[in-house]
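*Asks:* I have a structure I would like to understand better, so I am pasting it below and will then ask my questions one at a time.
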Amino acid sequence: MIERWVSNHTEETIRDCTSVLELQGLLWESDIEYSVIIYDNDEGLYTGAVATGSFSSNVIKCIAVHPSYEGTGLAQRVVTLLIEELSEKQVDNIFVFTKSSNIPAFQLLGFHEIVTEDSHVTLMEQNPRGIETFCEQLHSHRVSGARIGALVMNCNPFTLGHRYVIEQASRECSHLFILVVSEDRSEFSTVERLALIREGISDIESVTVLSGGDYVISRATFPTYFLKDEHLVRTSYARIDARIFARYLAPALGVTTRFVGDEPFCPVTRDYNTQLQDVLGESGIEVTIIRRLEHDGQAISASKVRSLFAQGRLEEIAGLVPASTYRFLSSPASERAKQKILAKMTVKEQSI
Amino acid sequence: MKIIKTGSAGTLESSDVLITVRSHNGKGVQITLSSTVEKQFGNQIRHVVLETLKQLNVTEAAVDVQDKGALDCAIQARLIAAVHRAAGIDKINWEEMR
């Protein structure tokens with residue numbers, strides 16, 4: 001057996017990983033940063049891949065063992081190597097999304113179950129007190145009131161549309177918590193997004209802006225390699241995210257109402273909202289949908305702001321974002337985000 | 001020694017142990033143990049961990065022990081390494097630890 005560590009994938013290494021994944025009916029994911037491949041080859045050559053596993057940020061994914069090598073401890077070996085590498089990177093916690101049939105296997109590898117949604121998706125973490133510690137932090141922000149609301153937002157970047165939703169929601173409750181999706185894959189970093197939201201709503205009372213940490217699942221980081229079709233991916237993502245909110249985050253903050261923005265013409269958002277209502281309803285949490293603010297007959301979208309910003313058409317953005325976001329976008333500090341947007345746009349154009 | 005970040009040492013292979021040490025400020029020492037030999041040696045493992053932490057002068061830490069049947073000396077060595085990593089110390093002073 002030869003072990004190979006891959007931090008820069010080539011066509012050949014991806015092919016080796018994919019060959020094992022396919023035998024288990026799994027897919028490769030494009031955001032993988034690091035992989036381990038084990039070959040069964042006596043001559044020390046990198047041929048005959050029999051096991052593989054990868055990670056992206058602090059999420060372990062795409063683990064597969066050749067069917068004839070199952071039960072030989074190879075999966076354990078792969079995960080151990082991934083954990084060792086992640087420890088070097090000093091991540092605080094490691095996560096894995098998997099099928100519920102794999103729960104016992106990952107428990108043996110030191111993972112703890114957070115939530116399970118049907119038999120399709122289970123989210124597990126390595127820190128035995130991970131979600132508990134996060135909820136303790138949330139708990140310290142608790143306030144008393146008749147109706148405590150929550151909004152989950154990305155705000156990439158913060159626009160007048162977001163502000164409008166926050167204003168409407170805060171009017172309907174005694175206190176509003178805004179949980180911000182924490183992942184740096186968005187063009188604007190978590191720190192930038194948090195700062196722009198806080199500045200943009202500083203005049204609105206009874207609102208607390210908090211980072212969602214590792215427990216508000218971002219659509220961008222949700223792994224899908226073990227789910228069969230697009231529809232299953234969408235409902236699983238929505239339901240696991242809703243389940244964590246209902247079971248852990250809402251009770252920690254004392255939330256009674258979850259607000260969501262409505263996008264009448266977007267089937268993905270509509271689908272998400274339906275699943276959310278379904279899961280949260282079971283826990284007695286009300287879901288209130290807020291109509292989005294329109295500007296010249298169109299809903300204000302952060303993606304439109306990003307595209308105008310990248311093209312340097314700042315004047316056109318002025319009517320779409322609050323003064324604080326505008327100031328940031330016209331300052332040199334926003335250069336990093338601009339480069340990120342441009343890079344993503346080129347990738348898209350190339351793929352078309 | 002003060003735990004300032006997450007540090008781990010060891011593997012999940014048979015006869016080894018994977019120990020992760022995390023900060024646990026103001027809440028003392030907390031050990032979570034899962035072991036293939038929990039029934040036979042669970043208390044002994046906890047004892048080794050507590051004694052080693054005492055020697056290292058660690059009073060606040062959340063210690064996660066994933067044991068696959070490691071001997072006491074292996075548990076000690078893995079814990080010492082994990083604590084040093086979690087305390088951000090590169091050099092281990094073995095003399096001091098006697």
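Following the order of the structure tokens, first chain is A, next is B, and so on, with residues numbered from 1 inside each chain and ligands from 1 in the order they appear.
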Write out as a PyMOL selection string the residues lying within 7 Å of segment 49-57 of chain B, counting only C-alpha atoms and excluding same-chain residues fewer than 2 positions away.

*Replies:* chain B and resi 1+45-47+59+76+97

*Asks:* Name all residues at most 7 Å from Gln90 of chain A (count only C-alpha atoms; drop same-chain ones fewer than 4 positions away) and give them as a list in words.

*Replies:*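 These residues fall inside the cut-off: Leu86 of chain A; Thr6 and Gly7 of chain B.
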
*Asks:* Need the shell around segment 187-193 of chain A: protein/DNA/RNA residues with any atom at most 6 Å away, counting only C-alpha atoms. Skip same-chain ones fewer than 5 positions apart. Format as a list in words?

*Replies:*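 So the residues in contact are Asn156, Ser182, Ala337, Lys340 and Ile341 of chain A.
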
*Asks:* Sorted by chain and rising residue number, list the residues of chain B at most 10 Å from chain A (counting only C-alpha atoms), each with its closest atom pair and distance in Å to one decimal, as a Markdown table.

*Replies:*
```
| residue | atom | partner | partner_atom | distance |
| --- | --- | --- | --- | --- |
| B:Lys5 | CA | A:Asp92 | CA | 7.6 |
| B:Thr6 | CA | A:Asp92 | CA | 5.5 |
| B:Gly7 | CA | A:Ser87 | CA | 6.8 |
| B:Ser8 | CA | A:Ser87 | CA | 6.3 |
| B:Ala9 | CA | A:Glu84 | CA | 7.8 |
| B:Gly10 | CA | A:Glu84 | CA | 8.1 |
| B:Thr11 | CA | A:Thr80 | CA | 5.9 |
| B:Leu12 | CA | A:Thr80 | CA | 5.9 |
| B:Glu13 | CA | A:Arg77 | CA | 7.2 |
| B:Ser14 | CA | A:Gly73 | CA | 9.7 |
| B:Leu18 | CA | A:Gly110 | CA | 8.7 |
| B:Thr20 | CA | A:Asn127 | CA | 8.5 |
| B:Val21 | CA | A:Asn127 | CA | 9.7 |
| B:Arg22 | CA | A:Asp92 | CA | 7.9 |
| B:Ser23 | CA | A:Asp92 | CA | 10.0 |
| B:His24 | CA | A:Thr133 | CA | 9.6 |
| B:Thr32 | CA | A:Pro128 | CA | 7.4 |
| B:Leu33 | CA | A:Gly110 | CA | 9.7 |
| B:Ser34 | CA | A:Gly110 | CA | 7.8 |
| B:Ser35 | CA | A:Leu108 | CA | 9.0 |
| B:Thr36 | CA | A:Leu108 | CA | 8.9 |
| B:Ala62 | CA | A:Arg129 | CA | 8.8 |
| B:Val63 | CA | A:Pro128 | CA | 9.5 |
| B:Asp64 | CA | A:Pro128 | CA | 7.3 |
| B:Val65 | CA | A:Gly110 | CA | 8.6 |
| B:Gln66 | CA | A:Gly110 | CA | 6.1 |
| B:Asp67 | CA | A:Gly110 | CA | 9.2 |
| B:Lys68 | CA | A:Leu108 | CA | 9.3 |
| B:Arg85 | CA | A:Gln90 | CA | 9.3 |
| B:Ala86 | CA | A:Gln90 | CA | 9.1 |
```

*Asks:* Find the residues around Ser202 of chain A up to 12 Å (only C-alpha atoms counted), leave out those fewer than 4 positions away in its own chain, and share them as a list in words.

*Replies:*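 Listing them by chain and then by number gives Arg163, Ile166, Glu167, Ala195, Leu196, Ile197, Arg198, Ser206, Val207, Thr208, Val209, Pro322 and Ser324 of chain A.
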